[in-house]
$ cat start.txt   # compact mmCIF, C-alpha atoms
# COMPACT_ATOMS: atom_id res chain seq x y z
CA MET A 1444 71.36 7.25 63.85
CA LEU A 1445 72.62 7.36 67.41
CA ALA A 1446 75.62 9.46 66.43
CA LEU A 1447 73.39 11.84 64.47
CA ARG A 1448 70.97 12.15 67.39
CA LEU A 1449 73.78 12.85 69.83
CA THR A 1450 75.26 15.43 67.45
CA LEU A 1451 71.93 17.25 67.14
CA GLU A 1452 71.59 17.11 70.91
CA SER A 1453 75.02 18.71 71.26
CA PHE A 1454 73.92 21.52 68.94
CA ARG A 1455 70.80 22.03 71.03
CA PHE A 1456 72.74 22.24 74.30
CA ALA A 1457 75.21 24.70 72.74
CA TRP A 1458 72.39 26.90 71.39
CA GLN A 1459 70.64 26.98 74.75
CA ALA A 1460 73.87 27.91 76.49
CA LEU A 1461 74.40 30.82 74.12
CA LYS A 1462 70.83 32.08 74.55
CA SER A 1463 70.94 31.85 78.34
CA ASN A 1464 73.94 34.23 78.50
CA LEU A 1465 73.03 36.63 75.70
CA LEU A 1466 75.08 39.64 76.89
CA ARG A 1467 78.19 37.53 77.43
CA THR A 1468 77.68 35.93 74.03
CA ILE A 1469 77.47 39.32 72.30
CA LEU A 1470 80.59 40.60 74.04
CA SER A 1471 82.43 37.43 73.07
CA LEU A 1472 81.41 37.87 69.45
CA LEU A 1473 82.94 41.34 69.16
CA GLY A 1474 86.53 40.14 69.08
CA VAL A 1475 85.83 37.59 66.35
CA THR A 1476 83.70 40.09 64.43
CA VAL A 1477 86.49 42.68 64.43
CA GLY A 1478 89.09 40.08 63.44
CA ILE A 1479 87.11 38.64 60.53
CA PHE A 1480 86.10 42.15 59.44
CA ALA A 1481 89.76 43.23 59.35
CA ILE A 1482 90.92 40.20 57.33
CA ILE A 1483 88.02 40.10 54.83
CA ALA A 1484 88.03 43.90 54.42
CA VAL A 1485 91.72 43.81 53.47
CA PHE A 1486 91.20 40.97 50.98
CA THR A 1487 88.12 42.71 49.54
CA VAL A 1488 90.02 45.97 48.96
CA VAL A 1489 93.00 44.08 47.48
CA ASP A 1490 90.76 42.04 45.14
CA SER A 1491 88.86 45.15 44.08
CA LEU A 1492 92.09 47.05 43.42
CA GLU A 1493 93.55 44.19 41.39
CA SER A 1494 90.34 43.74 39.39
CA ASN A 1495 90.09 47.48 38.68
CA ILE A 1496 93.71 47.72 37.55
CA ARG A 1497 93.32 44.68 35.30
CA GLN A 1498 90.22 46.24 33.77
CA SER A 1499 92.21 49.42 33.20
CA MET A 1500 94.69 47.36 31.18
CA ASP A 1501 91.98 45.81 28.98
CA PHE A 1502 92.87 48.18 26.16
CA LEU A 1503 95.98 46.04 25.56
CA GLY A 1504 93.81 43.04 24.72
CA GLU A 1505 93.73 39.43 25.89
CA LYS A 1506 95.79 36.55 24.48
CA VAL A 1507 97.60 38.86 22.09
CA VAL A 1508 101.24 39.32 21.10
CA TYR A 1509 102.57 42.77 20.15
CA VAL A 1510 105.36 42.84 17.56
CA GLY A 1511 107.15 46.15 18.02
CA LYS A 1512 110.41 47.98 18.28
CA TRP A 1513 110.65 48.42 22.04
CA PRO A 1514 110.39 45.66 24.66
CA TRP A 1515 107.98 46.33 27.51
CA LYS A 1516 110.35 44.63 29.93
CA PHE A 1517 114.01 45.64 29.86
CA GLU A 1518 116.69 43.14 30.81
CA PRO A 1519 119.24 44.38 33.36
CA ASN A 1520 122.38 46.02 31.96
CA ARG A 1521 121.03 45.92 28.40
CA PRO A 1522 122.15 48.97 26.35
CA TRP A 1523 119.06 50.95 25.38
CA TRP A 1524 120.57 52.25 22.14
CA LYS A 1525 120.26 48.77 20.65
CA TYR A 1526 116.50 49.15 20.91
CA PHE A 1527 116.62 52.75 19.71
CA ASN A 1528 118.36 51.78 16.45
CA ARG A 1529 115.91 49.02 15.61
CA PRO A 1530 113.61 49.49 12.60
CA VAL A 1531 109.90 49.90 13.29
CA PRO A 1532 107.30 47.40 11.98
CA THR A 1533 105.94 48.41 8.59
CA GLN A 1534 102.81 47.73 6.56
CA ARG A 1535 104.93 45.61 4.22
CA GLU A 1536 105.97 43.39 7.14
CA PHE A 1537 102.37 43.29 8.33
CA ARG A 1538 101.21 42.02 4.93
CA ALA A 1539 104.10 39.55 4.83
CA LEU A 1540 103.07 38.18 8.21
CA GLN A 1541 99.48 37.87 6.98
CA ARG A 1542 100.64 35.81 4.00
CA THR A 1543 103.21 33.69 5.82
CA LEU A 1544 101.89 33.03 9.34
CA ASN A 1545 99.94 29.80 9.72
CA PRO A 1546 96.24 30.82 9.81
CA ASN A 1547 95.48 27.98 12.26
CA SER A 1548 97.83 29.45 14.88
CA HIS A 1549 95.99 32.75 15.40
CA MET A 1550 92.53 34.33 15.28
CA GLY A 1551 93.42 37.72 13.83
CA MET A 1552 96.19 40.18 13.05
CA ALA A 1553 96.27 43.98 12.78
CA ILE A 1554 98.69 46.89 12.63
CA MET A 1555 98.21 49.87 14.93
CA ALA A 1556 99.98 53.10 15.87
CA ASN A 1557 98.90 55.83 18.26
CA THR A 1558 100.00 59.14 19.66
CA GLY A 1559 98.60 61.27 22.48
CA GLY A 1560 98.38 64.98 23.25
CA ASN A 1561 96.28 65.88 20.21
CA THR A 1562 93.72 68.68 20.01
CA LEU A 1563 90.44 68.01 18.20
CA LYS A 1564 88.26 70.92 16.99
CA ALA A 1565 84.71 71.26 15.67
CA GLY A 1566 83.53 74.83 15.12
CA ASN A 1567 84.11 76.80 18.32
CA ASN A 1568 84.48 73.63 20.41
CA SER A 1569 87.75 71.85 21.07
CA LEU A 1570 89.16 69.08 23.26
CA THR A 1571 92.83 68.69 24.14
CA ASP A 1572 94.96 65.72 25.16
CA CYS A 1573 93.16 63.25 22.90
CA ASN A 1574 94.67 60.04 21.56
CA LEU A 1575 94.82 59.51 17.79
CA GLN A 1576 95.03 55.84 16.86
CA GLY A 1577 95.63 54.59 13.33
CA VAL A 1578 94.33 51.05 12.77
CA SER A 1579 93.95 48.53 10.01
CA TYR A 1580 90.63 46.88 9.13
CA GLU A 1581 91.52 43.79 11.18
CA PHE A 1582 91.93 45.80 14.42
CA GLN A 1583 88.40 44.87 15.52
CA GLN A 1584 89.46 41.20 15.48
CA VAL A 1585 92.27 41.64 17.99
CA SER A 1586 90.96 44.41 20.25
CA LYS A 1587 87.59 45.52 21.59
CA VAL A 1588 85.99 48.44 19.77
CA PRO A 1589 82.74 48.94 21.73
CA ILE A 1590 80.65 51.01 19.32
CA ALA A 1591 77.54 52.55 20.86
CA GLU A 1592 76.41 54.45 17.78
CA GLY A 1593 77.33 54.14 14.11
CA ARG A 1594 79.64 51.53 12.62
CA TYR A 1595 83.22 50.33 12.19
CA PHE A 1596 85.45 51.09 9.17
CA THR A 1597 84.85 49.29 5.89
CA SER A 1598 87.76 47.62 4.08
CA GLN A 1599 87.44 50.19 1.26
CA GLU A 1600 87.79 53.09 3.71
CA ILE A 1601 90.95 51.51 5.14
CA ASP A 1602 92.47 50.72 1.73
CA LEU A 1603 91.76 54.22 0.37
CA ALA A 1604 92.85 55.98 3.61
CA ARG A 1605 89.57 57.86 3.87
CA ASN A 1606 89.13 60.79 6.30
CA VAL A 1607 86.68 58.96 8.58
CA ALA A 1608 86.90 58.43 12.33
CA ILE A 1609 85.41 56.57 15.29
CA ILE A 1610 85.48 58.81 18.36
CA GLY A 1611 85.11 58.34 22.11
CA ALA A 1612 82.13 59.46 24.16
CA ASP A 1613 83.93 62.45 25.73
CA ILE A 1614 85.05 63.67 22.32
CA ALA A 1615 81.49 63.44 20.96
CA GLU A 1616 80.06 65.24 23.99
CA ASN A 1617 82.60 68.08 24.02
CA LEU A 1618 82.72 68.71 20.26
CA PHE A 1619 79.09 68.16 19.31
CA GLY A 1620 77.13 68.65 22.55
CA GLY A 1621 74.05 66.55 23.16
CA GLY A 1622 73.21 65.87 19.49
CA SER A 1623 74.28 62.91 17.39
CA ALA A 1624 77.89 63.08 16.20
CA LEU A 1625 77.38 60.77 13.22
CA GLY A 1626 78.13 62.42 9.90
CA ARG A 1627 79.57 65.55 11.51
CA GLU A 1628 83.08 66.84 10.91
CA PHE A 1629 86.01 67.79 13.12
CA SER A 1630 89.64 68.65 12.48
CA ALA A 1631 92.82 67.12 13.90
CA ARG A 1632 96.41 67.83 12.88
CA GLY A 1633 95.15 70.05 10.05
CA ARG A 1634 92.96 67.31 8.53
CA LYS A 1635 89.16 67.11 8.34
CA PHE A 1636 87.47 63.93 9.51
CA THR A 1637 83.88 62.68 9.29
CA VAL A 1638 82.47 60.76 12.28
CA ILE A 1639 81.14 57.31 11.38
CA GLY A 1640 80.98 55.84 14.90
CA VAL A 1641 80.94 56.71 18.60
CA MET A 1642 82.31 54.31 21.23
CA LYS A 1643 80.61 53.44 24.52
CA LYS A 1644 81.50 55.54 27.53
CA GLU A 1645 84.00 53.90 29.89
CA GLY A 1646 84.08 56.42 32.73
CA LYS A 1647 86.93 57.06 35.13
CA LYS A 1648 89.64 54.48 35.76
CA LEU A 1649 91.65 53.93 38.92
CA ILE A 1650 94.95 54.35 37.10
CA ASP A 1651 95.73 56.76 34.30
CA THR A 1652 95.61 54.49 31.24
CA PRO A 1653 94.38 55.31 27.74
CA SER A 1654 90.58 55.45 27.68
CA ASN A 1655 88.22 55.02 24.77
CA ASP A 1656 86.39 58.13 26.01
CA THR A 1657 89.19 60.36 24.63
CA ASN A 1658 90.35 57.99 21.89
CA CYS A 1659 89.91 58.67 18.18
CA LEU A 1660 90.35 55.82 15.70
CA ILE A 1661 91.33 56.71 12.12
CA THR A 1662 92.52 54.62 9.18
CA PHE A 1663 96.15 53.52 9.33
CA GLY A 1664 96.81 54.97 5.89
CA MET A 1665 95.63 58.43 6.93
CA PHE A 1666 97.60 58.14 10.19
CA SER A 1667 100.73 57.34 8.14
CA GLN A 1668 100.18 60.50 6.08
CA ILE A 1669 99.98 62.67 9.22
CA PHE A 1670 102.80 61.06 11.20
CA ALA A 1671 106.14 59.51 10.24
CA VAL A 1672 105.62 55.84 11.01
CA ASN A 1673 107.83 54.07 8.45
CA ASN A 1674 111.11 55.95 8.75
CA GLY A 1675 113.31 53.02 9.77
CA SER A 1676 114.68 54.13 13.13
CA GLY A 1677 111.48 55.81 14.24
CA MET A 1678 113.33 59.03 15.12
CA GLY A 1679 110.86 61.90 15.26
CA GLY A 1680 108.04 59.55 14.25
CA VAL A 1681 105.62 57.09 15.76
CA SER A 1682 106.47 53.44 16.26
CA PRO A 1683 103.59 51.16 15.20
CA ASN A 1684 102.87 47.66 16.52
CA ILE A 1685 101.65 44.55 14.76
CA ILE A 1686 99.10 42.82 17.00
CA VAL A 1687 98.44 39.08 16.68
CA LYS A 1688 95.60 37.48 18.64
CA GLY A 1689 96.15 33.88 19.69
CA ARG A 1690 93.51 31.20 19.85
CA GLU A 1691 91.45 30.69 23.00
CA ASP A 1692 92.82 27.18 23.53
CA ASP A 1693 96.44 28.40 23.36
CA GLN A 1694 97.10 28.91 27.05
CA ASN A 1695 100.65 30.31 27.06
CA LEU A 1696 100.99 31.54 23.42
CA ALA A 1697 104.47 30.02 23.34
CA ASN A 1698 103.89 28.33 19.95
CA LEU A 1699 102.54 31.55 18.45
CA GLU A 1700 105.50 33.56 19.76
CA SER A 1701 107.96 31.00 18.36
CA GLU A 1702 106.28 31.09 14.94
CA LEU A 1703 106.13 34.90 14.96
CA GLN A 1704 109.83 35.09 15.80
CA GLY A 1705 110.77 32.79 12.93
CA VAL A 1706 108.61 34.59 10.37
CA MET A 1707 109.78 38.06 11.45
CA ARG A 1708 113.44 37.01 11.25
CA ASN A 1709 112.82 35.65 7.76
CA VAL A 1710 110.95 38.81 6.66
CA ARG A 1711 113.78 41.03 7.91
CA GLY A 1712 116.47 38.79 6.44
CA LEU A 1713 118.31 38.17 9.71
CA LYS A 1714 121.17 35.68 9.69
CA PRO A 1715 121.13 32.76 12.16
CA ARG A 1716 123.68 34.35 14.51
CA GLU A 1717 122.14 37.81 14.43
CA GLU A 1718 119.97 38.74 17.37
CA ASP A 1719 116.36 39.80 16.95
CA ASN A 1720 115.85 43.44 15.99
CA PHE A 1721 112.23 43.41 17.15
CA ALA A 1722 110.38 42.71 20.39
CA LEU A 1723 107.52 40.33 21.16
CA ASN A 1724 105.44 41.71 24.02
CA ARG A 1725 102.41 40.34 25.84
CA PRO A 1726 100.02 42.09 28.26
CA GLU A 1727 100.43 39.10 30.59
CA MET A 1728 103.76 40.66 31.61
CA PHE A 1729 101.79 43.37 33.43
CA GLY A 1730 99.31 40.80 34.76
CA GLU A 1731 102.06 38.73 36.38
CA LEU A 1732 103.58 41.86 37.94
CA ILE A 1733 100.17 42.92 39.30
CA SER A 1734 99.55 39.43 40.75
CA LYS A 1735 102.91 39.40 42.53
CA LEU A 1736 102.37 42.89 43.92
CA PHE A 1737 98.91 42.21 45.29
CA SER A 1738 99.85 38.81 46.67
CA VAL A 1739 102.43 40.59 48.86
CA ILE A 1740 99.86 43.21 49.90
CA GLY A 1741 97.34 40.46 50.67
CA VAL A 1742 99.78 38.56 52.87
CA ALA A 1743 100.71 41.73 54.76
CA GLY A 1744 97.03 42.55 55.30
CA ALA A 1745 96.30 39.00 56.47
CA VAL A 1746 99.12 39.16 59.02
CA ILE A 1747 97.80 42.45 60.41
CA GLY A 1748 94.24 41.14 60.52
CA SER A 1749 95.34 37.90 62.18
CA PHE A 1750 96.41 39.83 65.29
CA ALA A 1751 92.84 41.07 65.71
CA MET A 1752 91.64 37.51 65.07
CA LEU A 1753 94.05 36.22 67.74
CA VAL A 1754 92.58 38.56 70.33
CA GLY A 1755 89.10 37.36 69.42
CA GLY A 1756 90.21 33.73 69.77
CA PHE A 1757 91.58 34.39 73.28
CA GLY A 1758 88.24 35.99 74.18
CA ILE A 1759 86.31 32.93 73.00
CA ALA A 1760 88.67 30.57 74.88
CA ASN A 1761 88.23 32.61 78.07
CA ILE A 1762 84.43 32.48 77.80
CA MET A 1763 84.52 28.71 77.20
CA PHE A 1764 86.59 28.13 80.34
CA VAL A 1765 84.03 30.17 82.29
CA SER A 1766 81.20 28.19 80.69
CA VAL A 1767 82.79 24.87 81.68
CA LYS A 1768 83.21 26.13 85.25
CA GLU A 1769 79.57 27.24 85.49
CA ARG A 1770 78.18 23.97 84.10
CA THR A 1771 80.45 21.50 85.91
CA ASN A 1772 77.51 20.22 87.98
CA ILE A 1773 75.40 19.70 84.86
CA ILE A 1774 78.28 17.84 83.20
CA GLY A 1775 78.45 15.49 86.18
CA ILE A 1776 74.71 14.79 85.96
CA GLN A 1777 74.94 14.13 82.21
CA LYS A 1778 77.82 11.71 82.72
CA SER A 1779 76.04 9.90 85.54
CA LEU A 1780 73.08 9.39 83.19
CA GLY A 1781 75.34 7.77 80.58
CA ALA A 1782 76.60 10.64 78.47
CA LYS A 1783 79.80 9.72 76.65
CA ASN A 1784 82.95 11.83 76.72
CA TYR A 1785 82.61 12.74 73.04
CA PHE A 1786 79.08 14.02 73.65
CA ILE A 1787 80.38 16.45 76.29
CA LEU A 1788 83.32 17.32 74.02
CA PHE A 1789 81.04 18.12 71.06
CA GLN A 1790 78.68 20.09 73.25
CA PHE A 1791 81.32 22.65 74.23
CA LEU A 1792 83.21 22.52 70.92
CA PHE A 1793 80.02 23.30 69.02
CA GLU A 1794 79.35 26.20 71.35
CA ALA A 1795 82.76 27.72 70.54
CA ILE A 1796 82.26 27.15 66.81
CA PHE A 1797 78.78 28.73 66.99
CA LEU A 1798 80.22 31.79 68.67
CA CYS A 1799 82.93 32.21 66.04
CA LEU A 1800 80.60 31.52 63.11
CA ILE A 1801 78.10 34.13 64.27
CA GLY A 1802 80.90 36.63 64.90
CA GLY A 1803 82.48 35.85 61.54
CA ALA A 1804 79.15 36.22 59.73
CA ALA A 1805 78.66 39.60 61.43
CA GLY A 1806 82.12 40.74 60.28
CA ILE A 1807 81.43 39.61 56.71
CA PHE A 1808 78.07 41.41 56.78
CA LEU A 1809 79.81 44.64 57.81
CA VAL A 1810 82.18 44.30 54.84
CA PHE A 1811 79.19 43.70 52.58
CA LEU A 1812 77.56 46.90 53.85
CA ILE A 1813 80.72 48.83 52.97
CA THR A 1814 80.64 47.45 49.40
CA LEU A 1815 77.15 48.94 49.00
CA ILE A 1816 78.54 52.47 49.42
CA PRO A 1817 78.81 54.00 45.91
CA GLN A 1818 82.44 54.34 44.83
CA GLU A 1819 83.15 55.93 41.46
CA SER A 1820 86.90 55.39 41.24
CA LEU A 1821 87.16 52.06 43.11
CA PRO A 1822 83.96 49.98 43.23
CA LEU A 1823 84.30 47.34 45.94
CA PHE A 1824 82.89 43.82 45.68
CA LEU A 1825 82.71 40.93 48.12
CA SER A 1826 83.61 37.69 46.36
CA ALA A 1827 82.27 34.25 47.26
CA SER A 1828 85.82 33.07 47.90
CA ASN A 1829 86.31 35.76 50.56
CA VAL A 1830 82.99 34.84 52.21
CA THR A 1831 84.07 31.18 52.28
CA LEU A 1832 87.47 32.18 53.64
CA GLY A 1833 85.90 34.24 56.43
CA LEU A 1834 83.57 31.43 57.51
CA THR A 1835 86.38 28.85 57.31
CA VAL A 1836 88.68 30.98 59.45
CA SER A 1837 85.83 31.41 61.95
CA VAL A 1838 85.37 27.64 62.23
CA VAL A 1839 89.12 27.08 62.65
CA ILE A 1840 89.34 29.73 65.37
CA GLY A 1841 86.31 28.20 67.08
CA ILE A 1842 87.96 24.77 67.10
CA LEU A 1843 91.29 26.10 68.38
CA ALA A 1844 89.68 28.27 71.04
CA GLY A 1845 87.23 25.63 72.24
CA ILE A 1846 89.17 22.40 72.02
CA ILE A 1847 91.03 22.67 75.37
CA PRO A 1848 87.97 23.69 77.45
CA ALA A 1849 85.94 20.98 75.69
CA VAL A 1850 88.56 18.29 76.43
CA LEU A 1851 88.74 19.37 80.10
CA ALA A 1852 84.95 19.20 80.34
CA SER A 1853 84.75 15.75 78.73
CA ASN A 1854 87.41 14.33 81.10
CA LEU A 1855 85.73 15.48 84.35
CA ASP A 1856 85.03 12.81 86.93
CA PRO A 1857 81.21 12.59 87.23
CA VAL A 1858 81.23 12.19 91.05
CA ILE A 1859 83.50 15.20 91.62
CA ALA A 1860 81.59 17.21 89.00
CA ILE A 1861 78.19 16.58 90.68
CA ARG A 1862 79.48 17.66 94.08
CA SER A 1863 80.90 20.93 92.73
CA LYS A 1864 78.95 24.16 93.31
$ encode --input "start.txt" --output "structure tokens"
Amino acid sequence: MLALRLTLESFRFAWQALKSNLLRTILSLLGVTVGIFAIIAVFTVVDSLESNIRQSMDFLGEKVVYVGKWPWKFEPNRPWWKYFNRPVPTQREFRALQRTLNPNSHMGMAIMANTGGNTLKAGNNSLTDCNLQGVSYEFQQVSKVPIAEGRYFTSQEIDLARNVAIIGADIAENLFGGGSALGREFSARGRKFTVIGVMKKEGKKLIDTPSNDTNCLITFGMFSQIFAVNNGSGMGGVSPNIIVKGREDDQNLANLESELQGVMRNVRGLKPREEDNFALNRPEMFGELISKLFSVIGVAGAVIGSFAMLVGGFGIANIMFVSVKERTNIIGIQKSLGAKNYFILFQFLFEAIFLCLIGGAAGIFLVFLITLIPQESLPLFLSASNVTLGLTVSVVIGILAGIIPAVLASNLDPVIAIRSK
């Protein structure tokens, strides 16, 4: 109880000292405020950038493995023509994987192919640079298809390669205006399609990645009739991918990849010493690259912001030395009345920490105000971890800036301190 009472008393002395020199307190806070603002603002922008880019890559799916012709990550000095001459995945291989792969090792499997730069027309309206994507019925199990209006394909429509489509919001708006697009027709690549669904609007993305707003899903069978997808080498055609979604509890998908590799080698009749003529790709490859990139940017920003924080710390230390000098007589009186050294130490240390905490909170509040400004392409957000980091750094700076003045004050001789003016 005595320690608690003395601690509270130290807080009270520190608060009174800050209030008695309000202008000096405010000026001292500015350095810390600028330093914390610089550090937290950098981390906030970096976190927002990383989050936005990861969201832009959501179309690739989560916990999925892509079985395709081309690897997404090339090994150094690897001849590219080896990949060029590989056969593309086929519907026969897709069905073989469905029959052979252990159903307990995955949650879903689909085959998909897409091509961009298509023009869609409906009457006098048209929209260029659209993405046509041929999918199997199981595609909704491995990737998000956010339908705002209408429905997904039925298994009969997929099996019979019907001329039906699910279109993006921009396609619906440009081809059919403000009315409902369901049941209406449009043409693409010389074929007529009937709209059975419209996807939710995504809006602009920070990076130029495929968007559902200009995406048009059609049945894989119809896509195969329009484009050459099963021509062995893929020359002049489109290379499809077989997508396999792993289970939620499979953290690294290593077991699924190993099983997929074995089944694909068996399906393609590869001998033990022959190398794989297919690639297993995962979106996590991009995620790891993004994490490494932004970790470097974050460190660089923290180093730059730390210089501003250093200046603020020197300002706090300077004010604390002045405060000790002004209150030397009071320190002597407190000691003569029985105040312990640690009480004097805490009194000045708490004052320095208070200064830094208030300055740090002000800097964090400024960052929060910036996040409230509407940003269409890069919405900023202030995370709880960054708030905690800012307050923690403020406390550390307060301790470092106030410890020497506090120790000097606690070690003053009471007789000499009382006689000082």
$ residues_near_point --input "start.txt" --point "(78.9, 29.0, 81.6)" --cutoff "10 Å" --atoms "only C-alpha atoms" --output "ChimeraX atom specification"
/A:1460-1461,1463-1464,1467,1762-1771
$ residues_around --input "start.txt" --residues "A:Val1641" --least-positions-apart "3" --cutoff "7 Å" --atoms "all atoms listed in the file" --output "number ranges by chain"
A: 1590-1593, 1609-1612
$ atom_distance --input "start.txt" --atom1 "atom CA of A:Ala1615" --atom2 "atom CA of A:Lys1635"
15.2 Å
$ closest_residue --input "start.txt" --among "A:His1549, A:Arg1538, A:Lys1512, A:Lys1564" --to "A:Asp1719" --atoms "all atoms listed in the file"
A:Lys1512
$ closest_residue --input "start.txt" --among "A:Asn1684, A:Gln1459, A:Ser1598, A:Thr1814" --to "A:Arg1725" --atoms "only C-alpha atoms"
A:Asn1684
$ build_atoms --input "start.txt" --residues "stretch 1610-1624 of chain A" --atoms "N, CA, C and O atoms" --output "tab-separated table (two decimals), in the frame of the given file"
chain	number	residue	atom	x	y	z
A	1610	ILE	N	85.05	57.98	17.23
A	1610	ILE	CA	85.48	58.81	18.36
A	1610	ILE	C	84.92	58.29	19.67
A	1610	ILE	O	83.92	57.55	19.70
A	1611	GLY	N	85.56	58.69	20.78
A	1611	GLY	CA	85.11	58.34	22.11
A	1611	GLY	C	83.96	59.21	22.58
A	1611	GLY	O	83.65	60.25	21.98
A	1612	ALA	N	83.32	58.77	23.66
A	1612	ALA	CA	82.13	59.46	24.16
A	1612	ALA	C	82.43	60.88	24.61
A	1612	ALA	O	81.64	61.80	24.36
A	1613	ASP	N	83.57	61.09	25.28
A	1613	ASP	CA	83.93	62.45	25.73
A	1613	ASP	C	84.19	63.38	24.56
A	1613	ASP	O	83.84	64.57	24.61
A	1614	ILE	N	84.80	62.85	23.51
A	1614	ILE	CA	85.05	63.67	22.32
A	1614	ILE	C	83.73	64.10	21.69
A	1614	ILE	O	83.53	65.27	21.34
A	1615	ALA	N	82.79	63.13	21.56
A	1615	ALA	CA	81.49	63.44	20.96
A	1615	ALA	C	80.74	64.48	21.78
A	1615	ALA	O	80.13	65.41	21.24
A	1616	GLU	N	80.80	64.32	23.11
A	1616	GLU	CA	80.06	65.24	23.99
A	1616	GLU	C	80.65	66.65	23.96
A	1616	GLU	O	79.91	67.64	23.92
A	1617	ASN	N	81.97	66.75	23.97
A	1617	ASN	CA	82.60	68.08	24.02
A	1617	ASN	C	82.57	68.80	22.67
A	1617	ASN	O	82.45	70.02	22.62
A	1618	LEU	N	82.68	68.06	21.57
A	1618	LEU	CA	82.72	68.71	20.26
A	1618	LEU	C	81.34	68.97	19.68
A	1618	LEU	O	81.12	69.97	19.00
A	1619	PHE	N	80.39	68.07	19.97
A	1619	PHE	CA	79.09	68.16	19.31
A	1619	PHE	C	77.92	68.28	20.28
A	1619	PHE	O	76.76	68.21	19.87
A	1620	GLY	N	78.20	68.45	21.58
A	1620	GLY	CA	77.13	68.65	22.55
A	1620	GLY	C	76.25	67.42	22.70
A	1620	GLY	O	76.70	66.29	22.62
A	1621	GLY	N	74.97	67.67	22.90
A	1621	GLY	CA	74.05	66.55	23.16
A	1621	GLY	C	73.52	65.89	21.92
A	1621	GLY	O	72.91	64.82	21.99
A	1622	GLY	N	73.73	66.46	20.72
A	1622	GLY	CA	73.21	65.87	19.49
A	1622	GLY	C	74.06	64.71	19.01
A	1622	GLY	O	75.13	64.42	19.53
A	1623	SER	N	73.55	64.03	17.97
A	1623	SER	CA	74.28	62.91	17.39
A	1623	SER	C	75.53	63.42	16.67
A	1623	SER	O	75.51	64.43	15.96
A	1624	ALA	N	76.63	62.69	16.84
A	1624	ALA	CA	77.89	63.08	16.20
A	1624	ALA	C	78.06	62.45	14.82
A	1624	ALA	O	78.98	62.83	14.09
